[in-house]
Amino acid sequence: MNQSGLPTPPPTSATSTTSPAQSSSNAAGQSASDVSLASIVATITSTSSPSQLNQYLRSCASKDVREVLLASILPGSQDPLTLLNTRDHTLGMLYILSARLHTVASDKPLWHHIESFCRDFIPEHARVAPDRVTLLATGIRQLAEVEGNPKLAIAPLSDLLAKYPPTLSHLTTIHPIFLTICVATRHFSAAIPVLAHSITTIDLSLSDLTYHDNLVYHYAGGIALAALKNWSAAEELFEICASSPGTAASAIQMEALKKLVLVQLIYRGKTSPPSKYMHPILMRLFKATPYASFTNAYPLQRDYLRTIVENEQQLFTNERTLGLITQALDRAPRWAIKKLTTTYLTLHLSDIGREVGISDENKVKSLILSMIECSEISAELSADGTVSFSDPPVKFEKTDVDRVLSQAQQQDALLVRLEKEMERNKEYLTKAVKSKDDAAWGPAMDEDGAFGDRPSGNWAEDMSFA
């Protein structure tokens, strides 16, 4: 130990002339006995270049030996984390924390070490070792689960996610880990600051992402937003998950499709045409589920909808869709009444009740008044129980117009930037040229063995629910 309390680098004849990069090359040829935690900590404190330090830490010993050393304690039971400073030694602490969280026999780091690191680390230094950031995030989740309190991971992962990517529009491996914890612990509101930013950039040099990470993030995000009743945003994320192109359809995409349909029924009263990128097999499989029958009967056949819910309650419970099913069923009369406004100018309460499946005229009256109050319909209720429907008045505020124009300009600027980035992407250009060459031979055959694009139209009709 030197006077500062930090381990002193092991004496060698080349100490004053060997660079960290050269040291890392030498370390690669050393035996495990030549490397110790003290020498590693000394190198961490004496190296100013993150890239050189990363090279040293990767090659100082074989992987198994290195992880055991990084997860160990200094002589005298001194914790190396107490000798390091997060802002000055971000990369070194990242290696030590991630190793200690994943080494079975190690002493796990105290939560205050984890929290202070996630709050104060230098993101540019951490980006040198993206795989260690992934290890840190998964380790934080596992530690919280082992301690029986998964919500402990929310705060540090939120800080880690807020600082690590250049923007929250960059998808990282931290995103799905954080969102799944928010959903599992039902702390849905904690995810709002992250979900407020649409994912527009995927940089594999920033995170060792997989296709599955993209699906999990958007699926979990959809669940969180649906729980908060932000139906429009939930619909968007479920659709991104269900329609993300891949070599084969995923089980998680099927679950996203089920929830997408239910959210659309709650929010719109009907399903929307599916994305052209959605794998055809998903729609074929969906056709064989009770969700398809529920969609076809919605919203007018209320007795049949109840029968489906009663018969399939266990399935809906197991698939965790019973809450959405119940909300869709509760809103069915409202959507049925809205359908009537497109056909009739006047109807008596008894006629409306007959159409929507409510026998109690007072309940129909309360429902109509509630819809008028919420501006869901434009109507007048007379003393004799006659309801007169009218077109809703069109109201445009200048602030609303300015907001929409501003959003359109932002989206346009974003699309221009993304298009320029794609034009510079060699992989994209190679595939684009190949696709153009293939197209010269004729239209491509789709997964169903048919040529050409799918016809547009109603989703239920396309999927042949009936």
# chains A, B, ... in the order shown; residues from 1 in each chain; ligands from 1

call {"tool": "select_by_dssp", "arguments": {"residues": "range 195-338 of chain A", "states": "alpha helix (DSSP H)", "output": "mmCIF file with N, CA, C and O atoms, in the first residue's frame"}}
result
data_model
loop_
_atom_site.group_PDB
_atom_site.id
_atom_site.type_symbol
_atom_site.label_atom_id
_atom_site.label_comp_id
_atom_site.auth_asym_id
_atom_site.auth_seq_id
_atom_site.Cartn_x
_atom_site.Cartn_y
_atom_site.Cartn_z
ATOM 1 N N LEU A 195 -40.289 5.591 -21.458
ATOM 2 C CA LEU A 195 -41.241 5.323 -22.534
ATOM 3 C C LEU A 195 -41.656 6.589 -23.269
ATOM 4 O O LEU A 195 -42.220 6.512 -24.372
ATOM 5 N N TYR A 211 -32.285 -9.369 -31.089
ATOM 6 C CA TYR A 211 -33.650 -9.155 -31.584
ATOM 7 C C TYR A 211 -34.657 -9.312 -30.447
ATOM 8 O O TYR A 211 -35.638 -8.586 -30.360
ATOM 9 N N HIS A 212 -34.374 -10.251 -29.547
ATOM 10 C CA HIS A 212 -35.267 -10.510 -28.419
ATOM 11 C C HIS A 212 -35.348 -9.296 -27.489
ATOM 12 O O HIS A 212 -36.418 -9.012 -26.937
ATOM 13 N N ASP A 213 -34.252 -8.581 -27.310
ATOM 14 C CA ASP A 213 -34.256 -7.379 -26.461
ATOM 15 C C ASP A 213 -35.256 -6.357 -26.974
ATOM 16 O O ASP A 213 -35.987 -5.731 -26.201
ATOM 17 N N ASN A 214 -35.293 -6.181 -28.285
ATOM 18 C CA ASN A 214 -36.230 -5.242 -28.893
ATOM 19 C C ASN A 214 -37.675 -5.660 -28.612
ATOM 20 O O ASN A 214 -38.514 -4.832 -28.249
ATOM 21 N N LEU A 215 -37.969 -6.949 -28.756
ATOM 22 C CA LEU A 215 -39.327 -7.437 -28.519
ATOM 23 C C LEU A 215 -39.732 -7.262 -27.064
ATOM 24 O O LEU A 215 -40.835 -6.794 -26.765
ATOM 25 N N VAL A 216 -38.835 -7.641 -26.150
ATOM 26 C CA VAL A 216 -39.158 -7.579 -24.718
ATOM 27 C C VAL A 216 -39.401 -6.135 -24.285
ATOM 28 O O VAL A 216 -40.344 -5.852 -23.531
ATOM 29 N N TYR A 217 -38.569 -5.213 -24.755
ATOM 30 C CA TYR A 217 -38.724 -3.814 -24.351
ATOM 31 C C TYR A 217 -40.088 -3.276 -24.777
ATOM 32 O O TYR A 217 -40.816 -2.680 -23.969
ATOM 33 N N HIS A 218 -40.447 -3.456 -26.036
ATOM 34 C CA HIS A 218 -41.706 -2.893 -26.521
ATOM 35 C C HIS A 218 -42.911 -3.626 -25.933
ATOM 36 O O HIS A 218 -43.949 -3.004 -25.678
ATOM 37 N N TYR A 219 -42.786 -4.917 -25.693
ATOM 38 C CA TYR A 219 -43.884 -5.671 -25.081
ATOM 39 C C TYR A 219 -44.106 -5.212 -23.639
ATOM 40 O O TYR A 219 -45.237 -4.908 -23.232
ATOM 41 N N ALA A 220 -43.022 -5.151 -22.864
ATOM 42 C CA ALA A 220 -43.138 -4.708 -21.471
ATOM 43 C C ALA A 220 -43.603 -3.260 -21.400
ATOM 44 O O ALA A 220 -44.400 -2.886 -20.528
ATOM 45 N N GLY A 221 -43.121 -2.436 -22.326
ATOM 46 C CA GLY A 221 -43.569 -1.044 -22.363
ATOM 47 C C GLY A 221 -45.054 -0.940 -22.650
ATOM 48 O O GLY A 221 -45.759 -0.117 -22.060
ATOM 49 N N GLY A 222 -45.555 -1.788 -23.550
ATOM 50 C CA GLY A 222 -46.977 -1.807 -23.842
ATOM 51 C C GLY A 222 -47.803 -2.194 -22.629
ATOM 52 O O GLY A 222 -48.857 -1.602 -22.363
ATOM 53 N N ILE A 223 -47.320 -3.170 -21.865
ATOM 54 C CA ILE A 223 -48.026 -3.590 -20.649
ATOM 55 C C ILE A 223 -48.075 -2.444 -19.643
ATOM 56 O O ILE A 223 -49.120 -2.173 -19.031
ATOM 57 N N ALA A 224 -46.946 -1.765 -19.452
ATOM 58 C CA ALA A 224 -46.899 -0.656 -18.490
ATOM 59 C C ALA A 224 -47.865 0.457 -18.883
ATOM 60 O O ALA A 224 -48.612 0.982 -18.055
ATOM 61 N N LEU A 225 -47.872 0.810 -20.155
ATOM 62 C CA LEU A 225 -48.739 1.905 -20.611
ATOM 63 C C LEU A 225 -50.212 1.499 -20.584
ATOM 64 O O LEU A 225 -51.080 2.322 -20.296
ATOM 65 N N ALA A 226 -50.500 0.233 -20.864
ATOM 66 C CA ALA A 226 -51.879 -0.239 -20.784
ATOM 67 C C ALA A 226 -52.364 -0.212 -19.338
ATOM 68 O O ALA A 226 -53.517 0.132 -19.065
ATOM 69 N N ALA A 227 -51.481 -0.566 -18.416
ATOM 70 C CA ALA A 227 -51.850 -0.520 -16.997
ATOM 71 C C ALA A 227 -52.142 0.906 -16.552
ATOM 72 O O ALA A 227 -52.981 1.129 -15.670
ATOM 73 N N TRP A 231 -53.835 4.305 -23.674
ATOM 74 C CA TRP A 231 -54.146 3.309 -24.701
ATOM 75 C C TRP A 231 -53.437 3.577 -26.017
ATOM 76 O O TRP A 231 -52.983 2.634 -26.689
ATOM 77 N N SER A 232 -53.348 4.823 -26.431
ATOM 78 C CA SER A 232 -52.722 5.149 -27.711
ATOM 79 C C SER A 232 -51.258 4.718 -27.736
ATOM 80 O O SER A 232 -50.798 4.073 -28.693
ATOM 81 N N ALA A 233 -50.508 5.060 -26.684
ATOM 82 C CA ALA A 233 -49.084 4.690 -26.624
ATOM 83 C C ALA A 233 -48.914 3.190 -26.463
ATOM 84 O O ALA A 233 -47.993 2.593 -27.036
ATOM 85 N N ALA A 234 -49.791 2.558 -25.677
ATOM 86 C CA ALA A 234 -49.717 1.101 -25.496
ATOM 87 C C ALA A 234 -49.957 0.388 -26.819
ATOM 88 O O ALA A 234 -49.261 -0.583 -27.158
ATOM 89 N N GLU A 235 -50.921 0.876 -27.587
ATOM 90 C CA GLU A 235 -51.212 0.291 -28.908
ATOM 91 C C GLU A 235 -49.974 0.358 -29.805
ATOM 92 O O GLU A 235 -49.629 -0.623 -30.484
ATOM 93 N N GLU A 236 -49.298 1.486 -29.785
ATOM 94 C CA GLU A 236 -48.122 1.660 -30.637
ATOM 95 C C GLU A 236 -47.017 0.670 -30.276
ATOM 96 O O GLU A 236 -46.421 0.030 -31.152
ATOM 97 N N LEU A 237 -46.747 0.503 -28.969
ATOM 98 C CA LEU A 237 -45.663 -0.393 -28.563
ATOM 99 C C LEU A 237 -46.006 -1.856 -28.819
ATOM 100 O O LEU A 237 -45.147 -2.637 -29.243
ATOM 101 N N PHE A 238 -47.245 -2.252 -28.562
ATOM 102 C CA PHE A 238 -47.650 -3.632 -28.865
ATOM 103 C C PHE A 238 -47.535 -3.908 -30.368
ATOM 104 O O PHE A 238 -47.121 -4.994 -30.778
ATOM 105 N N GLU A 239 -47.900 -2.917 -31.176
ATOM 106 C CA GLU A 239 -47.820 -3.108 -32.623
ATOM 107 C C GLU A 239 -46.372 -3.226 -33.081
ATOM 108 O O GLU A 239 -46.058 -4.043 -33.954
ATOM 109 N N ILE A 240 -45.479 -2.426 -32.505
ATOM 110 C CA ILE A 240 -44.055 -2.522 -32.856
ATOM 111 C C ILE A 240 -43.536 -3.916 -32.529
ATOM 112 O O ILE A 240 -42.816 -4.536 -33.320
ATOM 113 N N CYS A 241 -43.911 -4.427 -31.356
ATOM 114 C CA CYS A 241 -43.463 -5.759 -30.952
ATOM 115 C C CYS A 241 -44.022 -6.825 -31.891
ATOM 116 O O CYS A 241 -43.289 -7.679 -32.386
ATOM 117 N N ALA A 242 -45.322 -6.770 -32.137
ATOM 118 C CA ALA A 242 -45.972 -7.811 -32.937
ATOM 119 C C ALA A 242 -45.517 -7.799 -34.391
ATOM 120 O O ALA A 242 -45.523 -8.843 -35.056
ATOM 121 N N SER A 243 -45.127 -6.638 -34.906
ATOM 122 C CA SER A 243 -44.806 -6.524 -36.327
ATOM 123 C C SER A 243 -43.320 -6.354 -36.614
ATOM 124 O O SER A 243 -42.949 -6.109 -37.770
ATOM 125 N N ALA A 251 -43.009 -16.220 -29.825
ATOM 126 C CA ALA A 251 -44.127 -16.388 -28.891
ATOM 127 C C ALA A 251 -44.512 -15.055 -28.259
ATOM 128 O O ALA A 251 -45.701 -14.777 -28.038
ATOM 129 N N ILE A 252 -43.529 -14.235 -27.982
ATOM 130 C CA ILE A 252 -43.812 -12.944 -27.359
ATOM 131 C C ILE A 252 -44.580 -12.041 -28.327
ATOM 132 O O ILE A 252 -45.398 -11.211 -27.912
ATOM 133 N N GLN A 253 -44.358 -12.211 -29.630
ATOM 134 C CA GLN A 253 -45.115 -11.429 -30.606
ATOM 135 C C GLN A 253 -46.581 -11.853 -30.618
ATOM 136 O O GLN A 253 -47.471 -11.031 -30.810
ATOM 137 N N MET A 254 -46.837 -13.151 -30.410
ATOM 138 C CA MET A 254 -48.210 -13.624 -30.333
ATOM 139 C C MET A 254 -48.927 -13.024 -29.131
ATOM 140 O O MET A 254 -50.085 -12.604 -29.224
ATOM 141 N N GLU A 255 -48.220 -12.957 -28.001
ATOM 142 C CA GLU A 255 -48.815 -12.340 -26.808
ATOM 143 C C GLU A 255 -49.057 -10.852 -27.027
ATOM 144 O O GLU A 255 -50.064 -10.297 -26.573
ATOM 145 N N ALA A 256 -48.133 -10.199 -27.724
ATOM 146 C CA ALA A 256 -48.305 -8.773 -28.026
ATOM 147 C C ALA A 256 -49.501 -8.560 -28.952
ATOM 148 O O ALA A 256 -50.250 -7.587 -28.790
ATOM 149 N N LEU A 257 -49.702 -9.463 -29.907
ATOM 150 C CA LEU A 257 -50.828 -9.349 -30.824
ATOM 151 C C LEU A 257 -52.162 -9.461 -30.076
ATOM 152 O O LEU A 257 -53.103 -8.698 -30.343
ATOM 153 N N LYS A 258 -52.244 -10.392 -29.136
ATOM 154 C CA LYS A 258 -53.472 -10.546 -28.347
ATOM 155 C C LYS A 258 -53.788 -9.263 -27.580
ATOM 156 O O LYS A 258 -54.921 -8.779 -27.578
ATOM 157 N N LYS A 259 -52.774 -8.716 -26.938
ATOM 158 C CA LYS A 259 -52.981 -7.496 -26.155
ATOM 159 C C LYS A 259 -53.230 -6.293 -27.052
ATOM 160 O O LYS A 259 -53.983 -5.375 -26.697
ATOM 161 N N LEU A 260 -52.612 -6.283 -28.228
ATOM 162 C CA LEU A 260 -52.844 -5.207 -29.187
ATOM 163 C C LEU A 260 -54.314 -5.153 -29.592
ATOM 164 O O LEU A 260 -54.933 -4.076 -29.608
ATOM 165 N N VAL A 261 -54.886 -6.300 -29.904
ATOM 166 C CA VAL A 261 -56.288 -6.359 -30.304
ATOM 167 C C VAL A 261 -57.190 -5.871 -29.178
ATOM 168 O O VAL A 261 -58.123 -5.084 -29.398
ATOM 169 N N LEU A 262 -56.921 -6.298 -27.948
ATOM 170 C CA LEU A 262 -57.761 -5.894 -26.814
ATOM 171 C C LEU A 262 -57.648 -4.396 -26.543
ATOM 172 O O LEU A 262 -58.649 -3.732 -26.244
ATOM 173 N N VAL A 263 -56.445 -3.862 -26.639
ATOM 174 C CA VAL A 263 -56.260 -2.418 -26.434
ATOM 175 C C VAL A 263 -57.010 -1.635 -27.501
ATOM 176 O O VAL A 263 -57.637 -0.601 -27.216
ATOM 177 N N GLN A 264 -56.973 -2.109 -28.745
ATOM 178 C CA GLN A 264 -57.700 -1.425 -29.811
ATOM 179 C C GLN A 264 -59.205 -1.467 -29.578
ATOM 180 O O GLN A 264 -59.907 -0.488 -29.851
ATOM 181 N N LEU A 265 -59.715 -2.596 -29.072
ATOM 182 C CA LEU A 265 -61.147 -2.674 -28.780
ATOM 183 C C LEU A 265 -61.538 -1.683 -27.682
ATOM 184 O O LEU A 265 -62.580 -1.034 -27.749
ATOM 185 N N ILE A 266 -60.684 -1.562 -26.668
ATOM 186 C CA ILE A 266 -60.959 -0.629 -25.574
ATOM 187 C C ILE A 266 -60.867 0.814 -26.063
ATOM 188 O O ILE A 266 -61.725 1.644 -25.764
ATOM 189 N N TYR A 267 -59.842 1.101 -26.850
ATOM 190 C CA TYR A 267 -59.531 2.480 -27.239
ATOM 191 C C TYR A 267 -60.319 2.953 -28.456
ATOM 192 O O TYR A 267 -60.719 4.119 -28.540
ATOM 193 N N ARG A 268 -60.560 2.033 -29.416
ATOM 194 C CA ARG A 268 -61.202 2.423 -30.667
ATOM 195 C C ARG A 268 -62.555 1.767 -30.904
ATOM 196 O O ARG A 268 -63.310 2.193 -31.765
ATOM 197 N N PRO A 280 -47.221 -13.479 -41.285
ATOM 198 C CA PRO A 280 -48.537 -14.068 -41.584
ATOM 199 C C PRO A 280 -48.943 -15.191 -40.634
ATOM 200 O O PRO A 280 -50.129 -15.367 -40.355
ATOM 201 N N ILE A 281 -47.981 -15.939 -40.135
ATOM 202 C CA ILE A 281 -48.337 -17.060 -39.267
ATOM 203 C C ILE A 281 -48.967 -16.578 -37.961
ATOM 204 O O ILE A 281 -49.772 -17.290 -37.352
ATOM 205 N N LEU A 282 -48.625 -15.374 -37.535
ATOM 206 C CA LEU A 282 -49.233 -14.834 -36.314
ATOM 207 C C LEU A 282 -50.742 -14.684 -36.489
ATOM 208 O O LEU A 282 -51.520 -15.011 -35.592
ATOM 209 N N MET A 283 -51.140 -14.198 -37.635
ATOM 210 C CA MET A 283 -52.570 -14.007 -37.877
ATOM 211 C C MET A 283 -53.293 -15.338 -38.027
ATOM 212 O O MET A 283 -54.447 -15.478 -37.620
ATOM 213 N N ARG A 284 -52.629 -16.325 -38.608
ATOM 214 C CA ARG A 284 -53.252 -17.649 -38.721
ATOM 215 C C ARG A 284 -53.443 -18.277 -37.351
ATOM 216 O O ARG A 284 -54.472 -18.898 -37.066
ATOM 217 N N LEU A 285 -52.440 -18.127 -36.487
ATOM 218 C CA LEU A 285 -52.549 -18.671 -35.131
ATOM 219 C C LEU A 285 -53.600 -17.922 -34.322
ATOM 220 O O LEU A 285 -54.338 -18.519 -33.537
ATOM 221 N N PHE A 286 -53.669 -16.616 -34.523
ATOM 222 C CA PHE A 286 -54.638 -15.802 -33.791
ATOM 223 C C PHE A 286 -56.068 -16.230 -34.118
ATOM 224 O O PHE A 286 -56.951 -16.208 -33.261
ATOM 225 N N LYS A 287 -56.287 -16.636 -35.341
ATOM 226 C CA LYS A 287 -57.617 -17.046 -35.784
ATOM 227 C C LYS A 287 -58.171 -18.200 -34.939
ATOM 228 O O LYS A 287 -59.393 -18.300 -34.754
ATOM 229 N N PRO A 290 -59.666 -17.802 -28.711
ATOM 230 C CA PRO A 290 -60.914 -17.148 -28.304
ATOM 231 C C PRO A 290 -60.898 -15.642 -28.522
ATOM 232 O O PRO A 290 -61.963 -15.015 -28.615
ATOM 233 N N TYR A 291 -59.707 -15.059 -28.619
ATOM 234 C CA TYR A 291 -59.610 -13.619 -28.844
ATOM 235 C C TYR A 291 -60.226 -13.239 -30.198
ATOM 236 O O TYR A 291 -60.807 -12.164 -30.345
ATOM 237 N N ALA A 292 -60.080 -14.126 -31.182
ATOM 238 C CA ALA A 292 -60.657 -13.855 -32.495
ATOM 239 C C ALA A 292 -62.181 -13.862 -32.423
ATOM 240 O O ALA A 292 -62.847 -12.991 -33.006
ATOM 241 N N SER A 293 -62.736 -14.822 -31.698
ATOM 242 C CA SER A 293 -64.196 -14.881 -31.533
ATOM 243 C C SER A 293 -64.696 -13.648 -30.788
ATOM 244 O O SER A 293 -65.741 -13.078 -31.126
ATOM 245 N N PHE A 294 -63.960 -13.239 -29.773
ATOM 246 C CA PHE A 294 -64.318 -12.048 -29.001
ATOM 247 C C PHE A 294 -64.318 -10.816 -29.891
ATOM 248 O O PHE A 294 -65.213 -9.970 -29.820
ATOM 249 N N THR A 295 -63.309 -10.715 -30.764
ATOM 250 C CA THR A 295 -63.195 -9.562 -31.664
ATOM 251 C C THR A 295 -64.347 -9.520 -32.660
ATOM 252 O O THR A 295 -64.917 -8.461 -32.928
ATOM 253 N N ASN A 296 -64.710 -10.675 -33.204
ATOM 254 C CA ASN A 296 -65.782 -10.725 -34.196
ATOM 255 C C ASN A 296 -67.131 -10.332 -33.603
ATOM 256 O O ASN A 296 -67.979 -9.743 -34.286
ATOM 257 N N ALA A 297 -67.353 -10.667 -32.331
ATOM 258 C CA ALA A 297 -68.643 -10.394 -31.689
ATOM 259 C C ALA A 297 -68.719 -8.995 -31.106
ATOM 260 O O ALA A 297 -69.786 -8.566 -30.676
ATOM 261 N N ARG A 302 -73.369 -8.685 -27.004
ATOM 262 C CA ARG A 302 -72.868 -8.614 -25.631
ATOM 263 C C ARG A 302 -73.067 -9.931 -24.879
ATOM 264 O O ARG A 302 -72.207 -10.333 -24.097
ATOM 265 N N ASP A 303 -74.192 -10.611 -25.088
ATOM 266 C CA ASP A 303 -74.424 -11.889 -24.407
ATOM 267 C C ASP A 303 -73.389 -12.922 -24.829
ATOM 268 O O ASP A 303 -72.870 -13.684 -23.991
ATOM 269 N N TYR A 304 -73.069 -12.937 -26.112
ATOM 270 C CA TYR A 304 -72.060 -13.883 -26.603
ATOM 271 C C TYR A 304 -70.678 -13.521 -26.058
ATOM 272 O O TYR A 304 -69.879 -14.405 -25.741
ATOM 273 N N LEU A 305 -70.397 -12.219 -25.946
ATOM 274 C CA LEU A 305 -69.119 -11.788 -25.368
ATOM 275 C C LEU A 305 -68.984 -12.296 -23.937
ATOM 276 O O LEU A 305 -67.917 -12.790 -23.539
ATOM 277 N N ARG A 306 -70.068 -12.195 -23.160
ATOM 278 C CA ARG A 306 -70.037 -12.691 -21.774
ATOM 279 C C ARG A 306 -69.818 -14.196 -21.739
ATOM 280 O O ARG A 306 -69.088 -14.714 -20.891
ATOM 281 N N THR A 307 -70.450 -14.907 -22.674
ATOM 282 C CA THR A 307 -70.284 -16.362 -22.734
ATOM 283 C C THR A 307 -68.834 -16.730 -23.004
ATOM 284 O O THR A 307 -68.282 -17.652 -22.382
ATOM 285 N N ILE A 308 -68.196 -16.012 -23.931
ATOM 286 C CA ILE A 308 -66.773 -16.268 -24.227
ATOM 287 C C ILE A 308 -65.931 -16.050 -22.977
ATOM 288 O O ILE A 308 -65.051 -16.870 -22.654
ATOM 289 N N VAL A 309 -66.178 -14.959 -22.264
ATOM 290 C CA VAL A 309 -65.402 -14.655 -21.062
ATOM 291 C C VAL A 309 -65.607 -15.720 -19.996
ATOM 292 O O VAL A 309 -64.648 -16.176 -19.352
ATOM 293 N N GLU A 310 -66.850 -16.166 -19.810
ATOM 294 C CA GLU A 310 -67.129 -17.196 -18.806
ATOM 295 C C GLU A 310 -66.466 -18.520 -19.159
ATOM 296 O O GLU A 310 -65.885 -19.190 -18.305
ATOM 297 N N ASN A 311 -66.542 -18.910 -20.439
ATOM 298 C CA ASN A 311 -65.980 -20.203 -20.856
ATOM 299 C C ASN A 311 -64.459 -20.206 -20.876
ATOM 300 O O ASN A 311 -63.834 -21.249 -20.651
ATOM 301 N N GLN A 313 -62.402 -18.058 -19.078
ATOM 302 C CA GLN A 313 -61.859 -17.233 -17.996
ATOM 303 C C GLN A 313 -60.508 -17.750 -17.514
ATOM 304 O O GLN A 313 -59.594 -16.956 -17.246
ATOM 305 N N GLN A 314 -60.370 -19.068 -17.406
ATOM 306 C CA GLN A 314 -59.107 -19.626 -16.926
ATOM 307 C C GLN A 314 -57.970 -19.322 -17.905
ATOM 308 O O GLN A 314 -56.855 -18.987 -17.501
ATOM 309 N N LEU A 315 -58.269 -19.433 -19.200
ATOM 310 C CA LEU A 315 -57.248 -19.116 -20.212
ATOM 311 C C LEU A 315 -56.845 -17.656 -20.122
ATOM 312 O O LEU A 315 -55.639 -17.338 -20.115
ATOM 313 N N PHE A 316 -57.836 -16.760 -20.047
ATOM 314 C CA PHE A 316 -57.534 -15.333 -19.971
ATOM 315 C C PHE A 316 -56.751 -15.007 -18.692
ATOM 316 O O PHE A 316 -55.872 -14.141 -18.705
ATOM 317 N N THR A 317 -57.077 -15.707 -17.605
ATOM 318 C CA THR A 317 -56.344 -15.490 -16.342
ATOM 319 C C THR A 317 -54.907 -15.948 -16.478
ATOM 320 O O THR A 317 -53.969 -15.247 -16.073
ATOM 321 N N ASN A 318 -54.691 -17.126 -17.054
ATOM 322 C CA ASN A 318 -53.334 -17.672 -17.208
ATOM 323 C C ASN A 318 -52.487 -16.797 -18.128
ATOM 324 O O ASN A 318 -51.281 -16.651 -17.908
ATOM 325 N N LEU A 322 -57.111 -11.080 -18.623
ATOM 326 C CA LEU A 322 -58.470 -10.962 -18.101
ATOM 327 C C LEU A 322 -58.820 -9.506 -17.783
ATOM 328 O O LEU A 322 -59.957 -9.080 -17.994
ATOM 329 N N GLY A 323 -57.855 -8.746 -17.299
ATOM 330 C CA GLY A 323 -58.106 -7.342 -16.999
ATOM 331 C C GLY A 323 -58.489 -6.556 -18.245
ATOM 332 O O GLY A 323 -59.451 -5.775 -18.236
ATOM 333 N N LEU A 324 -57.753 -6.775 -19.341
ATOM 334 C CA LEU A 324 -58.071 -6.088 -20.590
ATOM 335 C C LEU A 324 -59.404 -6.580 -21.158
ATOM 336 O O LEU A 324 -60.192 -5.783 -21.681
ATOM 337 N N ILE A 325 -59.646 -7.883 -21.053
ATOM 338 C CA ILE A 325 -60.912 -8.452 -21.532
ATOM 339 C C ILE A 325 -62.087 -7.815 -20.781
ATOM 340 O O ILE A 325 -63.101 -7.426 -21.388
ATOM 341 N N THR A 326 -61.945 -7.697 -19.470
ATOM 342 C CA THR A 326 -63.016 -7.127 -18.644
ATOM 343 C C THR A 326 -63.267 -5.667 -19.010
ATOM 344 O O THR A 326 -64.421 -5.227 -19.115
ATOM 345 N N GLN A 327 -62.189 -4.911 -19.218
ATOM 346 C CA GLN A 327 -62.352 -3.503 -19.595
ATOM 347 C C GLN A 327 -62.998 -3.363 -20.968
ATOM 348 O O GLN A 327 -63.836 -2.478 -21.196
ATOM 349 N N ALA A 328 -62.612 -4.239 -21.885
ATOM 350 C CA ALA A 328 -63.225 -4.213 -23.214
ATOM 351 C C ALA A 328 -64.715 -4.544 -23.122
ATOM 352 O O ALA A 328 -65.552 -3.909 -23.783
ATOM 353 N N LEU A 329 -65.050 -5.536 -22.296
ATOM 354 C CA LEU A 329 -66.453 -5.924 -22.118
ATOM 355 C C LEU A 329 -67.256 -4.778 -21.493
ATOM 356 O O LEU A 329 -68.396 -4.512 -21.903
ATOM 357 N N ASP A 330 -66.665 -4.096 -20.527
ATOM 358 C CA ASP A 330 -67.356 -2.976 -19.874
ATOM 359 C C ASP A 330 -67.617 -1.823 -20.843
ATOM 360 O O ASP A 330 -68.607 -1.098 -20.706
ATOM 361 N N ARG A 331 -66.721 -1.644 -21.792
ATOM 362 C CA ARG A 331 -66.866 -0.528 -22.739
ATOM 363 C C ARG A 331 -67.694 -0.906 -23.963
ATOM 364 O O ARG A 331 -68.004 -0.040 -24.798
ATOM 365 N N ALA A 332 -68.054 -2.156 -24.092
ATOM 366 C CA ALA A 332 -68.816 -2.598 -25.268
ATOM 367 C C ALA A 332 -70.108 -1.805 -25.471
ATOM 368 O O ALA A 332 -70.409 -1.404 -26.604
ATOM 369 N N PRO A 333 -70.924 -1.559 -24.415
ATOM 370 C CA PRO A 333 -72.151 -0.782 -24.629
ATOM 371 C C PRO A 333 -71.879 0.620 -25.172
ATOM 372 O O PRO A 333 -72.649 1.139 -25.993
ATOM 373 N N ARG A 334 -70.810 1.241 -24.730
ATOM 374 C CA ARG A 334 -70.473 2.583 -25.211
ATOM 375 C C ARG A 334 -70.163 2.559 -26.707
ATOM 376 O O ARG A 334 -70.620 3.432 -27.467
ATOM 377 N N TRP A 335 -69.371 1.576 -27.126
ATOM 378 C CA TRP A 335 -69.032 1.491 -28.544
ATOM 379 C C TRP A 335 -70.253 1.101 -29.373
ATOM 380 O O TRP A 335 -70.397 1.539 -30.519
ATOM 381 N N ALA A 336 -71.138 0.276 -28.780
ATOM 382 C CA ALA A 336 -72.365 -0.094 -29.496
ATOM 383 C C ALA A 336 -73.250 1.136 -29.714
ATOM 384 O O ALA A 336 -73.829 1.317 -30.797
ATOM 385 N N ILE A 337 -73.335 1.990 -28.704
ATOM 386 C CA ILE A 337 -74.127 3.220 -28.836
ATOM 387 C C ILE A 337 -73.507 4.149 -29.875
ATOM 388 O O ILE A 337 -74.211 4.775 -30.671
ATOM 389 N N LYS A 338 -72.178 4.239 -29.881
ATOM 390 C CA LYS A 338 -71.519 5.086 -30.885
ATOM 391 C C LYS A 338 -71.798 4.584 -32.295
ATOM 392 O O LYS A 338 -71.926 5.369 -33.236
#

call {"tool": "residues_around", "arguments": {"residues": "Asp360 in chain A", "least_positions_apart": "6", "cutoff": "12 Å", "atoms": "only C-alpha atoms", "output": "PyMOL selection string"}}
result
chain A and resi 349-354+366-367

call {"tool": "residues_around", "arguments": {"residues": "His89 in chain A", "least_positions_apart": "6", "cutoff": "12 Å", "atoms": "only C-alpha atoms", "output": "PyMOL selection string"}}
result
chain A and resi 41-50+53-54+80-83+95-97+117+120-123+125-126
